[in-house]
file input_9.cif (mmCIF, C-alpha atoms)
data_run
#
loop_
_atom_site.group_PDB
_atom_site.id
_atom_site.type_symbol
_atom_site.label_atom_id
_atom_site.label_comp_id
_atom_site.auth_asym_id
_atom_site.auth_seq_id
_atom_site.Cartn_x
_atom_site.Cartn_y
_atom_site.Cartn_z
ATOM 1 C CA MET A 87 -0.860 6.766 2.744
ATOM 2 C CA SER A 88 -4.290 5.494 1.743
ATOM 3 C CA THR A 89 -4.967 2.378 3.839
ATOM 4 C CA PRO A 90 -4.243 1.271 7.417
ATOM 5 C CA ASP A 91 -2.002 -1.497 6.042
ATOM 6 C CA GLN A 92 0.562 0.697 4.281
ATOM 7 C CA PRO A 93 3.977 1.318 5.844
ATOM 8 C CA LEU A 94 4.886 4.863 6.813
ATOM 9 C CA SER A 95 7.181 6.794 4.511
ATOM 10 C CA PRO A 96 10.920 6.783 5.339
ATOM 11 C CA LEU A 97 12.968 9.709 6.591
ATOM 12 C CA PRO A 98 13.868 11.890 3.578
ATOM 13 C CA THR A 99 17.497 12.476 2.679
ATOM 14 C CA THR A 100 16.921 16.131 1.716
ATOM 15 C CA GLY A 101 14.536 18.930 2.647
ATOM 16 C CA TYR A 102 13.291 20.501 5.872
ATOM 17 C CA VAL A 103 13.324 17.993 8.742
ATOM 18 C CA TYR A 104 12.905 19.461 12.223
ATOM 19 C CA GLU A 105 14.720 17.725 15.084
ATOM 20 C CA THR A 106 14.312 18.105 18.847
ATOM 21 C CA SER A 107 14.840 16.001 21.966
ATOM 22 C CA TRP A 108 14.051 15.782 25.675
ATOM 23 C CA PRO A 109 14.049 13.207 28.494
ATOM 24 C CA VAL A 110 11.105 10.812 28.686
ATOM 25 C CA ALA A 111 8.957 11.993 31.595
ATOM 26 C CA THR A 112 8.094 9.680 34.472
ATOM 27 C CA GLY A 113 4.412 10.578 34.097
ATOM 28 C CA ASP A 114 4.333 9.317 30.489
ATOM 29 C CA VAL A 115 5.300 5.675 31.081
ATOM 30 C CA ASP A 116 3.318 2.580 31.985
ATOM 31 C CA ASP A 117 3.913 0.053 34.769
ATOM 32 C CA ARG A 118 6.738 -1.496 32.693
ATOM 33 C CA LEU A 119 8.392 1.932 32.279
ATOM 34 C CA ARG A 120 7.471 2.043 28.587
ATOM 35 C CA LEU A 121 6.383 5.274 26.905
ATOM 36 C CA ARG A 122 2.559 5.167 26.627
ATOM 37 C CA LEU A 123 0.607 6.122 23.506
ATOM 38 C CA ASP A 124 -0.904 9.187 25.173
ATOM 39 C CA GLY A 125 2.659 10.272 25.947
ATOM 40 C CA VAL A 126 3.549 9.772 22.285
ATOM 41 C CA ALA A 127 0.559 11.970 21.349
ATOM 42 C CA ARG A 128 1.753 14.723 23.695
ATOM 43 C CA TYR A 129 5.302 14.525 22.375
ATOM 44 C CA ILE A 130 4.331 14.771 18.707
ATOM 45 C CA GLN A 131 2.049 17.722 19.511
ATOM 46 C CA GLU A 132 4.857 19.537 21.344
ATOM 47 C CA ALA A 133 7.291 18.759 18.517
ATOM 48 C CA GLY A 134 4.743 20.251 16.111
ATOM 49 C CA ALA A 135 4.511 23.460 18.144
ATOM 50 C CA GLU A 136 8.305 23.734 18.213
ATOM 51 C CA ASN A 137 8.459 22.998 14.477
ATOM 52 C CA LEU A 138 6.110 25.901 13.709
ATOM 53 C CA VAL A 139 8.279 28.276 15.758
ATOM 54 C CA ASP A 140 11.466 26.995 14.112
ATOM 55 C CA SER A 141 9.960 27.488 10.635
ATOM 56 C CA GLY A 142 8.723 31.006 11.452
ATOM 57 C CA GLU A 143 5.088 29.973 10.889
ATOM 58 C CA ALA A 144 3.729 29.839 14.463
ATOM 59 C CA GLU A 145 2.184 33.316 14.465
ATOM 60 C CA ALA A 146 0.422 32.842 11.113
ATOM 61 C CA HIS A 147 -0.752 29.293 11.883
ATOM 62 C CA PRO A 148 -1.215 28.876 15.643
ATOM 63 C CA HIS A 149 -4.208 26.535 15.527
ATOM 64 C CA TRP A 150 -4.338 23.027 14.098
ATOM 65 C CA ILE A 151 -6.587 20.031 14.631
ATOM 66 C CA VAL A 152 -5.684 16.423 13.912
ATOM 67 C CA ASN A 153 -8.074 14.203 11.953
ATOM 68 C CA ARG A 154 -6.076 10.994 12.254
ATOM 69 C CA THR A 155 -3.035 9.788 14.156
ATOM 70 C CA VAL A 156 -1.095 6.630 13.286
ATOM 71 C CA VAL A 157 1.406 5.208 15.780
ATOM 72 C CA ASP A 158 3.680 2.282 14.895
ATOM 73 C CA VAL A 159 5.401 0.940 17.990
ATOM 74 C CA LEU A 160 8.314 -0.936 16.439
ATOM 75 C CA GLU A 161 10.356 -1.231 19.624
ATOM 76 C CA PRO A 162 9.245 0.249 22.961
ATOM 77 C CA ILE A 163 11.010 3.326 24.338
ATOM 78 C CA GLU A 164 11.735 2.770 28.020
ATOM 79 C CA LEU A 165 12.566 5.029 30.964
ATOM 80 C CA PRO A 166 15.182 6.295 31.686
ATOM 81 C CA THR A 167 16.188 7.685 28.310
ATOM 82 C CA GLU A 168 16.184 10.767 26.148
ATOM 83 C CA VAL A 169 13.977 10.678 23.086
ATOM 84 C CA THR A 170 14.901 12.350 19.793
ATOM 85 C CA LEU A 171 12.011 13.417 17.551
ATOM 86 C CA ARG A 172 12.349 14.134 13.832
ATOM 87 C CA ARG A 173 9.367 15.777 12.121
ATOM 88 C CA TRP A 174 8.715 16.323 8.424
ATOM 89 C CA CYS A 175 5.879 16.665 5.943
ATOM 90 C CA SER A 176 4.924 13.541 3.978
ATOM 91 C CA ALA A 177 2.080 15.117 1.916
ATOM 92 C CA LEU A 178 0.244 18.436 1.822
ATOM 93 C CA SER A 179 -2.365 20.645 0.242
ATOM 94 C CA SER A 180 -3.259 24.290 0.803
ATOM 95 C CA ARG A 181 -5.142 23.688 4.085
ATOM 96 C CA TRP A 182 -3.828 20.441 5.546
ATOM 97 C CA CYS A 183 -0.864 18.122 5.601
ATOM 98 C CA THR A 184 0.349 14.782 6.882
ATOM 99 C CA MET A 185 3.284 15.121 9.237
ATOM 100 C CA ARG A 186 5.604 12.262 10.069
ATOM 101 C CA VAL A 187 7.285 12.169 13.473
ATOM 102 C CA ASP A 188 9.797 9.467 14.393
ATOM 103 C CA LEU A 189 10.741 8.985 18.038
ATOM 104 C CA VAL A 190 14.033 7.239 18.839
ATOM 105 C CA GLY A 191 15.254 6.510 22.356
ATOM 106 C CA ALA A 192 18.906 7.103 23.213
ATOM 107 C CA GLU A 193 18.962 3.740 25.025
ATOM 108 C CA GLY A 194 16.979 1.959 22.298
ATOM 109 C CA GLY A 195 13.406 1.933 21.097
ATOM 110 C CA ARG A 196 11.686 3.329 18.021
ATOM 111 C CA ILE A 197 8.165 4.622 17.414
ATOM 112 C CA GLU A 198 7.038 6.002 14.041
ATOM 113 C CA THR A 199 3.962 8.204 13.651
ATOM 114 C CA GLU A 200 1.951 10.133 11.103
ATOM 115 C CA GLY A 201 -0.778 12.693 11.725
ATOM 116 C CA PHE A 202 -3.273 14.290 9.336
ATOM 117 C CA TRP A 203 -3.277 17.932 10.480
ATOM 118 C CA ILE A 204 -5.690 20.679 9.409
ATOM 119 C CA ALA A 205 -4.929 24.378 9.840
ATOM 120 C CA VAL A 206 -8.019 26.066 11.284
ATOM 121 C CA ASN A 207 -9.449 29.518 11.807
ATOM 122 C CA ALA A 208 -10.028 29.611 15.574
ATOM 123 C CA LYS A 209 -13.083 31.890 15.245
ATOM 124 C CA THR A 210 -14.966 29.925 12.594
ATOM 125 C CA MET A 211 -13.376 26.490 13.186
ATOM 126 C CA THR A 212 -13.081 26.086 9.409
ATOM 127 C CA PRO A 213 -9.968 25.062 7.431
ATOM 128 C CA LEU A 214 -7.505 27.904 6.898
ATOM 129 C CA ARG A 215 -5.338 28.319 3.835
ATOM 130 C CA VAL A 216 -1.710 28.136 4.877
ATOM 131 C CA SER A 217 0.925 30.598 3.730
ATOM 132 C CA ASP A 218 3.043 30.183 0.638
ATOM 133 C CA THR A 219 6.142 30.188 2.842
ATOM 134 C CA LEU A 220 4.846 27.241 4.887
ATOM 135 C CA ILE A 221 4.026 25.333 1.709
ATOM 136 C CA GLU A 222 7.502 26.024 0.347
ATOM 137 C CA LYS A 223 9.213 24.710 3.502
ATOM 138 C CA PHE A 224 6.983 21.677 4.034
ATOM 139 C CA ALA A 225 6.850 20.716 0.343
ATOM 140 C CA SER A 226 10.629 20.191 0.366
ATOM 141 C CA THR A 227 10.208 16.665 1.786
ATOM 142 C CA THR A 228 7.348 15.384 -0.383
ATOM 143 C CA THR A 229 6.200 15.262 -3.992
ATOM 144 C CA GLU A 230 2.523 14.856 -3.009
ATOM 145 C CA HIS A 231 1.120 18.397 -3.060
ATOM 146 C CA ARG A 232 -2.586 17.616 -3.630
ATOM 147 C CA LEU A 233 -3.379 15.725 -0.465
ATOM 148 C CA LYS A 234 -7.027 14.754 0.016
ATOM 149 C CA TRP A 235 -8.762 13.476 3.118
ATOM 150 C CA ARG A 236 -9.749 9.814 2.924
ATOM 151 C CA LYS A 237 -11.277 7.996 5.838
ATOM 152 C CA TRP A 238 -9.384 4.836 6.762
ATOM 153 C CA LEU A 239 -11.552 3.275 9.426
ATOM 154 C CA ALA A 240 -15.175 2.196 9.277
ATOM 155 C CA ASP A 241 -17.260 2.674 12.401
ATOM 156 C CA PRO A 242 -17.602 -0.762 14.052
ATOM 157 C CA ASP A 243 -20.970 -2.211 13.014
ATOM 158 C CA GLY A 244 -21.217 -4.069 16.293
ATOM 159 C CA VAL A 245 -19.222 -4.229 19.521
ATOM 160 C CA ASP A 246 -18.772 -7.057 21.991
ATOM 161 C CA VAL A 247 -17.590 -5.027 24.980
ATOM 162 C CA THR A 248 -18.859 -1.612 26.141
ATOM 163 C CA THR A 249 -17.659 0.459 29.064
ATOM 164 C CA ALA A 250 -18.183 4.011 30.282
ATOM 165 C CA PHE A 251 -15.408 6.562 29.746
ATOM 166 C CA PRO A 252 -15.940 9.411 32.239
ATOM 167 C CA LEU A 253 -14.393 12.732 31.239
ATOM 168 C CA ARG A 254 -12.394 15.077 33.457
ATOM 169 C CA ARG A 255 -12.111 18.845 33.126
ATOM 170 C CA THR A 256 -8.416 18.404 32.363
ATOM 171 C CA ASP A 257 -9.430 16.494 29.211
ATOM 172 C CA VAL A 258 -10.654 19.709 27.530
ATOM 173 C CA ASP A 259 -8.580 21.936 25.201
ATOM 174 C CA VAL A 260 -8.776 25.624 24.207
ATOM 175 C CA PHE A 261 -11.636 24.837 21.801
ATOM 176 C CA GLN A 262 -13.637 23.214 24.657
ATOM 177 C CA HIS A 263 -13.191 19.849 22.946
ATOM 178 C CA VAL A 264 -11.683 16.716 24.430
ATOM 179 C CA THR A 265 -7.920 16.702 23.823
ATOM 180 C CA ASN A 266 -6.108 14.314 21.491
ATOM 181 C CA THR A 267 -4.375 12.624 24.407
ATOM 182 C CA ALA A 268 -7.669 11.787 26.125
ATOM 183 C CA TYR A 269 -8.670 9.620 23.150
ATOM 184 C CA TRP A 270 -5.460 7.662 23.644
ATOM 185 C CA HIS A 271 -6.368 7.162 27.320
ATOM 186 C CA ALA A 272 -9.464 5.359 26.025
ATOM 187 C CA VAL A 273 -7.347 3.235 23.688
ATOM 188 C CA HIS A 274 -5.177 2.224 26.630
ATOM 189 C CA GLU A 275 -8.278 0.943 28.424
ATOM 190 C CA VAL A 276 -8.868 -1.455 25.516
ATOM 191 C CA MET A 277 -5.181 -2.398 25.314
ATOM 192 C CA ALA A 278 -5.377 -3.611 28.914
ATOM 193 C CA MET A 279 -8.151 -6.013 27.919
ATOM 194 C CA GLU A 280 -6.488 -7.227 24.674
ATOM 195 C CA PRO A 281 -2.769 -7.111 25.545
ATOM 196 C CA ASP A 282 -1.569 -9.706 23.033
ATOM 197 C CA VAL A 283 -2.411 -7.413 20.087
ATOM 198 C CA CYS A 284 -0.170 -4.703 21.539
ATOM 199 C CA VAL A 285 3.104 -6.612 21.735
ATOM 200 C CA PRO A 286 5.590 -4.716 19.519
ATOM 201 C CA PRO A 287 5.629 -4.350 16.637
ATOM 202 C CA TYR A 288 2.031 -3.130 16.460
ATOM 203 C CA ARG A 289 0.019 -0.266 14.964
ATOM 204 C CA ALA A 290 -2.517 1.964 16.680
ATOM 205 C CA VAL A 291 -4.751 4.387 14.781
ATOM 206 C CA VAL A 292 -7.228 6.979 16.055
ATOM 207 C CA GLU A 293 -9.485 8.664 13.513
ATOM 208 C CA TYR A 294 -11.652 11.533 14.645
ATOM 209 C CA ARG A 295 -15.225 12.078 13.476
ATOM 210 C CA ARG A 296 -16.790 14.863 15.543
ATOM 211 C CA PRO A 297 -15.610 16.617 18.716
ATOM 212 C CA ILE A 298 -16.490 15.368 22.178
ATOM 213 C CA GLN A 299 -17.296 18.042 24.740
ATOM 214 C CA TYR A 300 -17.034 17.964 28.505
ATOM 215 C CA GLY A 301 -20.262 16.796 30.145
ATOM 216 C CA GLU A 302 -21.192 14.318 27.421
ATOM 217 C CA ASP A 303 -21.583 10.667 28.371
ATOM 218 C CA VAL A 304 -18.919 8.785 26.437
ATOM 219 C CA THR A 305 -18.666 5.029 26.019
ATOM 220 C CA ILE A 306 -15.866 2.855 24.674
ATOM 221 C CA GLY A 307 -17.010 -0.088 22.582
ATOM 222 C CA TYR A 308 -14.808 -2.613 20.833
ATOM 223 C CA VAL A 309 -14.849 -5.869 18.900
ATOM 224 C CA ARG A 310 -11.973 -8.305 18.366
ATOM 225 C CA ARG A 311 -11.613 -9.749 14.866
ATOM 226 C CA GLY A 312 -8.633 -12.063 14.653
ATOM 227 C CA GLY A 313 -5.481 -10.005 15.111
ATOM 228 C CA GLU A 314 -7.331 -6.678 15.007
ATOM 229 C CA VAL A 315 -9.309 -4.740 17.588
ATOM 230 C CA HIS A 316 -11.848 -2.224 16.269
ATOM 231 C CA ILE A 317 -12.846 0.523 18.695
ATOM 232 C CA ALA A 318 -15.537 3.216 18.813
ATOM 233 C CA LEU A 319 -15.788 6.178 21.183
ATOM 234 C CA SER A 320 -19.443 7.117 21.161
ATOM 235 C CA VAL A 321 -21.959 9.500 22.658
ATOM 236 C CA GLY A 322 -25.194 7.542 22.533
ATOM 237 C CA ASP A 323 -25.331 6.031 19.040
ATOM 238 C CA ASP A 324 -23.085 8.732 17.575
ATOM 239 C CA VAL A 325 -19.526 7.481 16.939
ATOM 240 C CA ARG A 326 -17.216 10.437 17.614
ATOM 241 C CA ALA A 327 -13.958 8.575 16.947
ATOM 242 C CA ALA A 328 -12.897 5.197 15.583
ATOM 243 C CA ALA A 329 -9.684 3.415 16.485
ATOM 244 C CA LEU A 330 -7.762 0.337 15.449
ATOM 245 C CA LEU A 331 -5.164 -1.879 17.101
ATOM 246 C CA ARG A 332 -3.363 -4.441 14.954
ATOM 247 C CA LYS A 333 -0.105 -6.321 14.705
ATOM 248 C CA LEU A 334 2.454 -5.149 12.163
#

call {"tool": "encode", "arguments": {"input": "input_9.cif", "output": "structure tokens"}}
result
Amino acid sequence: MSTPDQPLSPLPTTGYVYETSWPVATGDVDDRLRLRLDGVARYIQEAGAENLVDSGEAEAHPHWIVNRTVVDVLEPIELPTEVTLRRWCSALSSRWCTMRVDLVGAEGGRIETEGFWIAVNAKTMTPLRVSDTLIEKFASTTTEHRLKWRKWLADPDGVDVTTAFPLRRTDVDVFQHVTNTAYWHAVHEVMAMEPDVCVPPYRAVVEYRRPIQYGEDVTIGYVRRGGEVHIALSVGDDVRAAALLRKL
């Protein structure tokens, strides 16, 4: 994928596709009993951890960071239901990959996602070359083996609405950075103010710039442009993450 307008790649007919499932948790749904985006982020992260164990690569590659997450809510997944997740590689290089995860509810609902994941050395926080065995397994579902990072989203050049986004200690991960799911909490704050953009089918994208650490003063700023909402999570004038909400 190269632009925020492109459709996600379909489920491959051959190659290594990891599958898992579990019940949708009551703490991951909104007031309409629909699976929230932060819940989706947690589920795709847990599916990724399981996938690494299943492939025998968890010990060699325990640490990954995500540079971008794309979530296409085609049909909402509603409680009560069990969700099945299928995960596969859609493009890769020697240090990073894009991983597709589709979520399908047993009682209906479908959400498709793609994340740009980077393997990292936990001591230096620099990209880590993955093993040949991981490349062999993950390359079985894609012909794109020279993946390069390309930024999708521009930082909003002006915002119409700004609000504070206080951090909690539970928002911090093992690297002392704000977790992926906390960014989606911020997106939900904007969704509440622009609900018409988030009627399925819609796309939500979060693209990370630089880490946010606990104790920093974070603000959410956004601007509405037609059927799109452009969002910035900032510390002062420094945009740490950009996000987009748009109809599909």

call {"tool": "residues_around", "arguments": {"input": "input_9.cif", "residues": "range 107-109 of chain A", "least_positions_apart": "6", "cutoff": "10 Å", "atoms": "all atoms listed in the file", "output": "PyMOL selection string"}}
result
chain A and resi 129+133+165-172+189-192

call {"tool": "residues_around", "arguments": {"input": "input_9.cif", "residues": "range 211-228 of chain A", "least_positions_apart": "3", "cutoff": "12 Å", "atoms": "all atoms listed in the file", "output": "mmCIF file with C-alpha atoms, keeping the file's coordinate frame"}}
result
data_model
loop_
_atom_site.group_PDB
_atom_site.id
_atom_site.type_symbol
_atom_site.label_atom_id
_atom_site.label_comp_id
_atom_site.auth_asym_id
_atom_site.auth_seq_id
_atom_site.Cartn_x
_atom_site.Cartn_y
_atom_site.Cartn_z
ATOM 1 C CA SER A 95 7.181 6.794 4.511
ATOM 2 C CA PRO A 96 10.920 6.783 5.339
ATOM 3 C CA LEU A 97 12.968 9.709 6.591
ATOM 4 C CA PRO A 98 13.868 11.890 3.578
ATOM 5 C CA THR A 99 17.497 12.476 2.679
ATOM 6 C CA THR A 100 16.921 16.131 1.716
ATOM 7 C CA GLY A 101 14.536 18.930 2.647
ATOM 8 C CA TYR A 102 13.291 20.501 5.872
ATOM 9 C CA VAL A 103 13.324 17.993 8.742
ATOM 10 C CA TYR A 104 12.905 19.461 12.223
ATOM 11 C CA ASN A 137 8.459 22.998 14.477
ATOM 12 C CA LEU A 138 6.110 25.901 13.709
ATOM 13 C CA VAL A 139 8.279 28.276 15.758
ATOM 14 C CA ASP A 140 11.466 26.995 14.112
ATOM 15 C CA SER A 141 9.960 27.488 10.635
ATOM 16 C CA GLY A 142 8.723 31.006 11.452
ATOM 17 C CA GLU A 143 5.088 29.973 10.889
ATOM 18 C CA ALA A 144 3.729 29.839 14.463
ATOM 19 C CA GLU A 145 2.184 33.316 14.465
ATOM 20 C CA ALA A 146 0.422 32.842 11.113
ATOM 21 C CA HIS A 147 -0.752 29.293 11.883
ATOM 22 C CA PRO A 148 -1.215 28.876 15.643
ATOM 23 C CA HIS A 149 -4.208 26.535 15.527
ATOM 24 C CA TRP A 150 -4.338 23.027 14.098
ATOM 25 C CA ILE A 151 -6.587 20.031 14.631
ATOM 26 C CA VAL A 152 -5.684 16.423 13.912
ATOM 27 C CA ASN A 153 -8.074 14.203 11.953
ATOM 28 C CA ARG A 173 9.367 15.777 12.121
ATOM 29 C CA TRP A 174 8.715 16.323 8.424
ATOM 30 C CA CYS A 175 5.879 16.665 5.943
ATOM 31 C CA SER A 176 4.924 13.541 3.978
ATOM 32 C CA ALA A 177 2.080 15.117 1.916
ATOM 33 C CA LEU A 178 0.244 18.436 1.822
ATOM 34 C CA SER A 179 -2.365 20.645 0.242
ATOM 35 C CA SER A 180 -3.259 24.290 0.803
ATOM 36 C CA ARG A 181 -5.142 23.688 4.085
ATOM 37 C CA TRP A 182 -3.828 20.441 5.546
ATOM 38 C CA CYS A 183 -0.864 18.122 5.601
ATOM 39 C CA THR A 184 0.349 14.782 6.882
ATOM 40 C CA MET A 185 3.284 15.121 9.237
ATOM 41 C CA ARG A 186 5.604 12.262 10.069
ATOM 42 C CA TRP A 203 -3.277 17.932 10.480
ATOM 43 C CA ILE A 204 -5.690 20.679 9.409
ATOM 44 C CA ALA A 205 -4.929 24.378 9.840
ATOM 45 C CA VAL A 206 -8.019 26.066 11.284
ATOM 46 C CA ASN A 207 -9.449 29.518 11.807
ATOM 47 C CA ALA A 208 -10.028 29.611 15.574
ATOM 48 C CA HIS A 231 1.120 18.397 -3.060
ATOM 49 C CA ARG A 232 -2.586 17.616 -3.630
ATOM 50 C CA LEU A 233 -3.379 15.725 -0.465
ATOM 51 C CA VAL A 260 -8.776 25.624 24.207
ATOM 52 C CA PHE A 261 -11.636 24.837 21.801
ATOM 53 C CA GLN A 262 -13.637 23.214 24.657
ATOM 54 C CA HIS A 263 -13.191 19.849 22.946
ATOM 55 C CA PRO A 297 -15.610 16.617 18.716
#

call {"tool": "closest_atom_pairs", "arguments": {"input": "input_9.cif", "of": "range 233-319 of chain A", "to": "range 110-123 of chain A", "cutoff": "12 Å", "atoms": "only C-alpha atoms", "output": "tab-separated table"}}
result
residue	atom	partner	partner_atom	distance
A:Asn266	CA	A:Leu123	CA	10.8
A:Thr267	CA	A:Leu123	CA	8.2
A:Ala268	CA	A:Leu123	CA	10.4
A:Tyr269	CA	A:Leu123	CA	9.9
A:Trp270	CA	A:Leu123	CA	6.3
A:His271	CA	A:Leu123	CA	8.0
A:Ala272	CA	A:Leu123	CA	10.4
A:Val273	CA	A:Leu123	CA	8.5
A:His274	CA	A:Leu123	CA	7.6
A:Glu275	CA	A:Leu123	CA	11.4
A:Met277	CA	A:Leu123	CA	10.5
A:Ala278	CA	A:Asp116	CA	11.1
A:Cys284	CA	A:Leu123	CA	11.0
A:Val285	CA	A:Arg120	CA	11.9
A:Pro286	CA	A:Arg120	CA	11.5
A:Tyr288	CA	A:Leu123	CA	11.7
A:Arg289	CA	A:Leu123	CA	10.7
A:Ala290	CA	A:Leu123	CA	8.6
A:Val291	CA	A:Leu123	CA	10.4
A:Val292	CA	A:Leu123	CA	10.8

call {"tool": "resolve_selection", "arguments": {"input": "input_9.cif", "expression": "the PyMOL selection byres ((chain A and resi 198-200) around 8)", "output": "list in words"}}
result
Leu94, Thr155, Val156, Val157, Asp158, Val159, Leu160, Thr184, Met185, Arg186, Val187, Asp188, Leu189, Arg196, Ile197, Gly201 and Phe202 of chain A

call {"tool": "axis_aligned_box", "arguments": {"input": "input_9.cif", "around": "range 314-322 of chain A", "padding_each_side": "3 Å", "output": "AutoDock Vina command-line options"}}
result
--center_x -16.3 --center_y 1.4 --center_z 18.8 --size_x 23.9 --size_y 22.2 --size_z 13.7

call {"tool": "resolve_selection", "arguments": {"input": "input_9.cif", "expression": "the PyMOL selection byres ((chain A and resi 90) around 9)", "output": "VMD selection string"}}
result
chain A and resid 87 to 89 91 to 93 156 238 to 239 289 291 330

call {"tool": "atom_distance", "arguments": {"input": "input_9.cif", "atom1": "CA of Ala250 in chain A", "atom2": "CA of Ala318 in chain A"}}
result
11.8 Å

call {"tool": "atom_distance", "arguments": {"input": "input_9.cif", "atom1": "CA of Glu164 in chain A", "atom2": "CA of Arg332 in chain A"}}
result
21.2 Å

call {"tool": "atom_distance", "arguments": {"input": "input_9.cif", "atom1": "CA of Asp303 in chain A", "atom2": "CA of Ala327 in chain A"}}
result
13.9 Å

call {"tool": "residues_around", "arguments": {"input": "input_9.cif", "residues": "range 323-325 of chain A", "least_positions_apart": "5", "cutoff": "10 Å", "atoms": "all atoms listed in the file", "output": "MDAnalysis selection string"}}
result
chainID A and resid 241:242 294:296 298 304:307 317:318

call {"tool": "residues_around", "arguments": {"input": "input_9.cif", "residues": "Val283 in chain A", "least_positions_apart": "5", "cutoff": "7 Å", "atoms": "all atoms listed in the file", "output": "PDB file with C-alpha atoms, keeping the file's coordinate frame"}}
result
ATOM      1  CA  GLY A 313      -5.481 -10.005  15.111  1.00  0.00           C
ATOM      2  CA  LEU A 331      -5.164  -1.879  17.101  1.00  0.00           C
ATOM      3  CA  ARG A 332      -3.363  -4.441  14.954  1.00  0.00           C
ATOM      4  CA  LYS A 333      -0.105  -6.321  14.705  1.00  0.00           C
TER       5      LYS A 333
END
